Amino acid sequence: MGTILLAKLKFFMFWVFLFLGLQEIQCSVTYDRKAIVINGQRRILISGSIHYPRSTPEMWEDLIMKAKEGGVDVIDTYVFWNVHEPSPGNYNFEGRYDLVRFLKTVQKAGLYAHLRIGPYVCAEWNFGGFPVWLKYVPGISFRTDNEPFKRAMQGFTEKIVGLMKSNSLFESQGGPIILSQIENEYGKQSKLLGQAGYNYMSWAANMAVGLRTGVPWVMCKEDDAPDPVINTCNGFYCDQFSPNRPYKPTMWTEAWSGWFTEFGGPIYQRPVQDLAFAVARFIQKGGSYVNYYMYHGGTNFGRTAGGPFITTSYDYDAPLDEFGLIRQPKYGHLKELHRAIKLCEQALVSADPTVTSLGRLQQAHVFYPETGVCAAFLENNDPNSAVKVLFNNMHYNLPPRSISILPDCRNVVFNTAKVGVQTTHMGMLPSNAQMFSWESYNEDASTLDDGSTMTAFGLLEQINVTRDTSDYLWYKTSVDISPSESFLRGGELPTLLVQSTGHAVHVFVNGQLIGSAFGTRENRRFTFTEKVKLHTGMNRIALLSIAVGLPNVGAHFETWNTGILGPVVLHGLDQGKRDLSWQKWTYEVGLKGESMNLASPNGVSSVDWMDSAIAVQKQQPLTWHKAYFDAPNGDEPLALDLRSMGKGQAWVNGQNIGRYWTAYAHGNCNGCSYTGSFRPPNCQTGCGEPTQRWYHVPRSWLKPSRNLVVVFEELGGDPMKISLVKRSVSTVCAQVSEVHPTLKNWQIESYGRMQELHEPKLHLRCAQNQYVSSIKFASFGTTFGTCGSFQKGPCHAPASYAVLEKICIGKQRCAVPISNSVFGEDPCPNVLKRLSVEAVCAPVTYPTAQPNSGN
């Protein structure tokens with residue numbers, strides 16, 4: 001009996017240990033030379049960066065689900081130290097900063113997460129994500145072998161890791177986090193610092209590994225990353241990258257989907273054909289992890305933009321635009337790329353590529369593991385010419401600078417240069433939300449608030465005084481002018497020279513604005529020079545110095561200066577020049593309106609406001625404007641149109657929507673081709689227009705009625721021309737050839753046998769609550785041009801318009817088969833044809849809308 005009981009006990013314990021072992025396997029993340037290994041399986045992982053503070057919690061689920069639908073496996077985010085620890089030991093994880101909620105939303109969607117703790121993030125974020133108080137820790141030096149910095153950095157890293165562990169968010173605990181990053185793009189600075197840089201980098205890596213998260217750590221752009229930390233690549237292209245050890249996977253932590261913008265600069269757009277080519281080339285050379293930076297860029301709300309001079313919009317030409325709407329064709333083309341790559345996943349993670357030449361600039365990368373599956377990538381690296389290549393006894397046409405993907409080494413399901421998804425043009429449409437009763441309040445530049453001032457002899461560095469509690473710092477002094485000065489009797493006026501270390505200044509003499517000057521992101525320093533009218537006796541000089549985001553990148557940027565450090569000199573007086581730099585100055589942090597909290601619904605009643613029509617006539621600088629509006633109906637994203645304004649900040653119901661500046665873009669907007677290597681200067685748009693005109697107002701910040709909008713205007717402007725607009729689809733267009741590759745044409749079991757090909761279809765889709773109201777262009781034949789400028793070619797099917805109108809008018813979306821039978825007859829036999837369409841989308845007016853057509 002005892003023997004039987006013992007046997008049963010052993011049997012029971014066997015299954016207990018097996019179960020526990022399986023549980024452990026189900027929650028494990030490791031890596032080998034081919035890939036990240038999750039629960040014992042190598043994975044090709046597509047990742048997308050979505051930064052939680054750059055959107056609202058109400059947007060997170062929609063953004064994450066759109067990313068999932070786009071073929072993303074992993075959501076990547078930095079952790080932003082300065083928003084989480086605004087003062088030492090005081091933490092904030094509420095609202096937009098609720099990191100746990102964000103990661104649980106990722107988990108709910110069934111996706112993984114890559115948590116890039118840093119805690120230096122760069123990211124065009126104010127001070128690179130460091131809290132400004134860190135700069136004032138005694139003896140500190142950022143990002144080097146410095147004990148005060150390492151102590152603070154370790155404390156915050158442990159805080160975040162502890163928060164993740166307490167919420168069971170690491171994959172080793174059953175959570176979504178499969179990777180973590182320590183430090184960020186440190187390699188260049190490490191080399192500049194020599195041994196101190198290497199010591200710090202090694203310390204950071206060992207400190208992170210010692211936190212025992214159960215998931216791998218990475219360091220991007222850090223060739224010396226010590227084991228077991230994985231070094232990874234960031235850039236527009238990473239196909240030449242390989243890790244520093246042969247047993248580490250090849251990972252691309254930032255595939256830049258576009259580029260950031262700065263006030264006064266153009267908008268940069270990266271062609272999706274080039275981005276898809278870069279990703280396919282990385283995968284064909286053995287890469288197994290790609291993260292799009294950004295997948296959704298979002299908005300630099302409040303004063304979070306860095307740079308300096310980074311715009312409030314952080315759109316980044318990402319697959320999801322700033323407002324969270326799908327950007328086509330970038331989103332759809334990448335989605336098809338991801339599906340094609342995933343069809344090849346088993347071959348990609350099981351074999352190394354065999355590379356064969358198909359021509360002078362053409363290659364085949366073939367993955368043929370012992371399991372018998374086969375996948376091939378056919379590359380044409382000629383930027384100028386399409387070619388026909390022979391592979392596996394079949395001919396394939398490859399457009400210039402493109403890659404075709406063959407999941408079975410036979411059928412092409414995707415080509416990086418052949419875009420078959422629609423192009424969507426977005427418009428800013430009137431919301432019909434009336435701004436009620438604009439009123440204004442003027443800041444008096446000639447008076448001082450004695451309760452918030454300090455005096456000193458000489459000029460002080462701005463951030464040392466403000467501690468970044470405000471963008472604004474007043475420098476005020478006075479100068480006594482003798483009645484004997486020649487300029488008072490018709491002579492040449494004296495010149496005031498003000499030299500600043502950044503970023504902008506408005507100069508007032510005796511309460512009157514006499515001029516302004518601004519730096520740039522590349523050159524923060526500037527000099528203001530202007531003739532000034534002075535009178536006999538004491539003259540008041542007030543300099544309003546303005547920070548436009550603290551620097552986020554550069555060696556020891558914590559030591560860089562901001563504000564007016566001089567000289568400040570009056571030239572042209574009878575005795576020559578008078579240097580005002582070392583005389584007595586009075587300093588006042590911020591604006592009176594800030595101290596009275598005028599932007600808040602609770603503080604707006606603390607002053608007497610006047611009718612804005614009077615203020616606009618005077619065009620007074622430093623003026624606060626307020627109005628009320630009711631929330632518009634619908635669910636389209638909203639924005640304030642601030643083109644009528646100059647420079648300042650704006651708030652809605654007390655929430656700071658960001659800095660605005662109607663600075664007009666300078667650049668070279670002469671078009672863009674996907675066939676050349678992408679660099680931001682090559683693909684510019686928006687020249688001659690304000691860099692940013694529309695400023696995102698999240699709907700979750702609104703009440704049904706009486707929403708307060710407050711604008712602080714530094715220069716002038718007309719608030720009565722401010723409007724609230726809706727962002728929505730205006731037109732959609734697409735162009736698909738009759739031989740366009742389609743995923744439906746591929747079936748693994750058909751390898752080596754003939755199969756019936758599915759006809760490609762042209763798909764059009766308006767936004768929700770919209771329908772196709774008209775067809776602007778339609779031609780099945782030999783059209784040419786691009787979306788918005790299609791033109792008929794010599795071959796054109798006469799029934800083109802009629803067919804499109806019949807299938808699409810009144811529908812929210814439609815699908816049109818591309819075949820001669822659909823258009824009545826072959827308009828030009830033996831000629832390759834394509835269908836090109838441009839359609840107008842309009843709001844639904846029931847009962848106009850009809851059921852969807854196509855699939």
# chains A, B, ... in the order shown; residues from 1 in each chain; ligands from 1
call {"tool": "residues_around", "arguments": {"residues": "Phe457 of chain A", "least_positions_apart": "6", "cutoff": "9 Å", "atoms": "only C-alpha atoms", "output": "PyMOL selection string"}}
result
chain A and resi 581-586
call {"tool": "residues_around", "arguments": {"residues": "Pro621 of chain A", "least_positions_apart": "5", "cutoff": "12 Å", "atoms": "only C-alpha atoms", "output": "list in words"}}
result
Ser440, Tyr441, Asn442, Glu443, Asp444, Ala445, His506, Val507, Phe508, Gly511, Gln512, Leu513, Ile514, Gly515, Ser516, Leu544, Ala615, Val616, Met645, Gly646, Lys647, Gly648, Phe712, Glu713, Glu714, Leu715, Gly716, Gly717 and Asp718 of chain A
call {"tool": "residues_around", "arguments": {"residues": "segment 275-279 of chain A", "least_positions_apart": "2", "cutoff": "6 Å", "atoms": "only C-alpha atoms", "output": "PDB file with N, CA, C and O atoms, in the first residue's frame"}}
result
ATOM      1  N   TYR A 237      18.456  54.070 -41.658  1.00  0.00           N
ATOM      2  CA  TYR A 237      18.776  52.755 -42.230  1.00  0.00           C
ATOM      3  C   TYR A 237      19.678  52.020 -41.250  1.00  0.00           C
ATOM      4  O   TYR A 237      20.569  52.613 -40.648  1.00  0.00           O
ATOM      5  N   VAL A 272       6.864  56.441 -47.875  1.00  0.00           N
ATOM      6  CA  VAL A 272       6.666  55.111 -47.305  1.00  0.00           C
ATOM      7  C   VAL A 272       7.388  54.050 -48.124  1.00  0.00           C
ATOM      8  O   VAL A 272       7.804  53.014 -47.582  1.00  0.00           O
ATOM      9  N   GLN A 273       7.581  54.286 -49.418  1.00  0.00           N
ATOM     10  CA  GLN A 273       8.324  53.306 -50.218  1.00  0.00           C
ATOM     11  C   GLN A 273       9.753  53.172 -49.706  1.00  0.00           C
ATOM     12  O   GLN A 273      10.311  52.067 -49.667  1.00  0.00           O
ATOM     13  N   ARG A 281      15.006  45.562 -46.164  1.00  0.00           N
ATOM     14  CA  ARG A 281      16.452  45.316 -46.329  1.00  0.00           C
ATOM     15  C   ARG A 281      17.072  44.874 -45.001  1.00  0.00           C
ATOM     16  O   ARG A 281      17.957  44.014 -44.975  1.00  0.00           O
ATOM     17  N   PHE A 282      16.615  45.479 -43.901  1.00  0.00           N
ATOM     18  CA  PHE A 282      17.106  45.086 -42.584  1.00  0.00           C
ATOM     19  C   PHE A 282      16.723  43.644 -42.269  1.00  0.00           C
ATOM     20  O   PHE A 282      17.542  42.853 -41.780  1.00  0.00           O
ATOM     21  N   SER A 402      13.886  48.811 -54.864  1.00  0.00           N
ATOM     22  CA  SER A 402      12.758  48.123 -54.230  1.00  0.00           C
ATOM     23  C   SER A 402      13.132  46.692 -53.894  1.00  0.00           C
ATOM     24  O   SER A 402      14.127  46.149 -54.389  1.00  0.00           O
ATOM     25  N   THR A 416       8.134  46.767 -52.083  1.00  0.00           N
ATOM     26  CA  THR A 416       8.228  47.976 -51.264  1.00  0.00           C
ATOM     27  C   THR A 416       7.863  49.239 -52.034  1.00  0.00           C
ATOM     28  O   THR A 416       7.425  50.232 -51.441  1.00  0.00           O
TER      29      THR A 416
END
call {"tool": "select_by_dssp", "arguments": {"residues": "segment 312-506 of chain A", "states": "strand (DSSP E or B)", "output": "VMD selection string"}}
result
chain A and resid 313 320 326 354 to 359 362 to 367 375 to 380 387 to 391 394 to 398 402 to 406 414 to 415 423 to 430 436 to 442 453 to 457 472 to 481 495 to 500 504 to 506
call {"tool": "select_by_dssp", "arguments": {"residues": "segment 71-305 of chain A", "states": "helix (DSSP H, G or I)", "output": "number ranges by chain"}}
result
A: 81-84, 95-97, 99-108, 126-129, 132-136, 147-166, 171-173, 187-193, 195-209, 272-284
call {"tool": "residues_around", "arguments": {"residues": "segment 291-296 of chain A", "least_positions_apart": "4", "cutoff": "7 Å", "atoms": "only C-alpha atoms", "output": "list in words"}}
result
Ile46, Ser47, Gly48, Ser49, Ile50, Trp252, Thr253, Glu254, Ala255, Trp256, Ser257, Tyr316, Ala318, Pro319, Leu320, Asp321, Glu322 and Gly324 of chain A
call {"tool": "atom_distance", "arguments": {"atom1": "atom CA of Leu337 of chain A", "atom2": "atom CA of Gly286 of chain A"}}
result
16.2 Å
call {"tool": "residues_around", "arguments": {"residues": "segment 663-675 of chain A", "least_positions_apart": "6", "cutoff": "7 Å", "atoms": "only C-alpha atoms", "output": "list in words"}}
result
Phe263, Gly264, Gly265, Pro266, Pro271, Gln273, Asp274, Pro383, Pro400, Arg401, Asn682, Cys683, Gln684, Thr685, Gly686, Cys687, Gly688, Glu689, Pro690 and Thr691 of chain A
call {"tool": "write_last_selection", "arguments": {"atoms": "C-alpha atoms", "output": "compact mmCIF listing (two decimals), in the first residue's frame"}}
result
# COMPACT_ATOMS: atom_id res chain seq x y z
CA PHE A 263 9.35 76.64 -35.48
CA GLY A 264 10.35 78.41 -38.68
CA GLY A 265 11.35 75.18 -40.41
CA PRO A 266 9.56 73.06 -43.02
CA PRO A 271 8.18 58.40 -48.43
CA GLN A 273 8.32 53.31 -50.22
CA ASP A 274 11.72 54.26 -48.77
CA PRO A 383 17.82 54.01 -57.88
CA PRO A 400 13.84 51.04 -58.93
CA ARG A 401 15.23 50.71 -55.41
CA ASN A 682 15.58 66.07 -49.27
CA CYS A 683 11.84 65.88 -48.53
CA GLN A 684 10.46 69.18 -47.29
CA THR A 685 6.93 70.57 -47.47
CA GLY A 686 5.09 73.61 -46.16
CA CYS A 687 7.54 76.30 -47.28
CA GLY A 688 6.04 79.79 -47.03
CA GLU A 689 3.35 78.63 -44.58
CA PRO A 690 3.37 78.70 -40.76
CA THR A 691 5.34 75.71 -39.50
call {"tool": "residues_around", "arguments": {"residues": "Glu636 of chain A", "least_positions_apart": "3", "cutoff": "9 Å", "atoms": "only C-alpha atoms", "output": "PDB file with N, CA and C atoms, in the first residue's frame"}}
result
ATOM      1  N   ASN A 633     -20.423  68.958 -31.959  1.00  0.00           N
ATOM      2  CA  ASN A 633     -20.860  67.563 -32.001  1.00  0.00           C
ATOM      3  C   ASN A 633     -19.877  66.732 -32.820  1.00  0.00           C
ATOM      4  N   ARG A 699     -10.586  66.094 -27.137  1.00  0.00           N
ATOM      5  CA  ARG A 699     -12.014  66.191 -26.796  1.00  0.00           C
ATOM      6  C   ARG A 699     -12.267  65.876 -25.326  1.00  0.00           C
ATOM      7  N   LYS A 726     -12.324  70.912 -37.021  1.00  0.00           N
ATOM      8  CA  LYS A 726     -12.328  69.458 -36.948  1.00  0.00           C
ATOM      9  C   LYS A 726     -11.363  68.901 -37.984  1.00  0.00           C
ATOM     10  N   ARG A 727     -10.633  67.876 -37.593  1.00  0.00           N
ATOM     11  CA  ARG A 727      -9.738  67.207 -38.547  1.00  0.00           C
ATOM     12  C   ARG A 727     -10.436  65.974 -39.100  1.00  0.00           C
ATOM     13  N   SER A 728     -10.544  65.920 -40.421  1.00  0.00           N
ATOM     14  CA  SER A 728     -11.224  64.792 -41.029  1.00  0.00           C
ATOM     15  C   SER A 728     -10.721  64.589 -42.450  1.00  0.00           C
TER      16      SER A 728
END
call {"tool": "residues_around", "arguments": {"residues": "Phe391 of chain A", "least_positions_apart": "3", "cutoff": "10 Å", "atoms": "only C-alpha atoms", "output": "PyMOL selection string"}}
result
chain A and resi 356-358+363-364+376+378+388+394-396+409-410
call {"tool": "atom_distance", "arguments": {"atom1": "atom CA of Asn234 of chain A", "atom2": "atom CA of Val413 of chain A"}}
result
28.0 Å
call {"tool": "closest_residue", "arguments": {"among": "A:Gly537, A:Gly788, A:Gly187, A:Gly654", "to": "Thr144 of chain A", "atoms": "only C-alpha atoms"}}
result
A:Gly187
call {"tool": "closest_residue", "arguments": {"among": "A:Asp574, A:Asp468, A:Asp611, A:Glu838", "to": "Arg765 of chain A", "atoms": "only C-alpha atoms"}}
result
A:Glu838
call {"tool": "atom_distance", "arguments": {"atom1": "atom CA of Ile775 of chain A", "atom2": "atom CA of Tyr801 of chain A"}}
result
7.2 Å
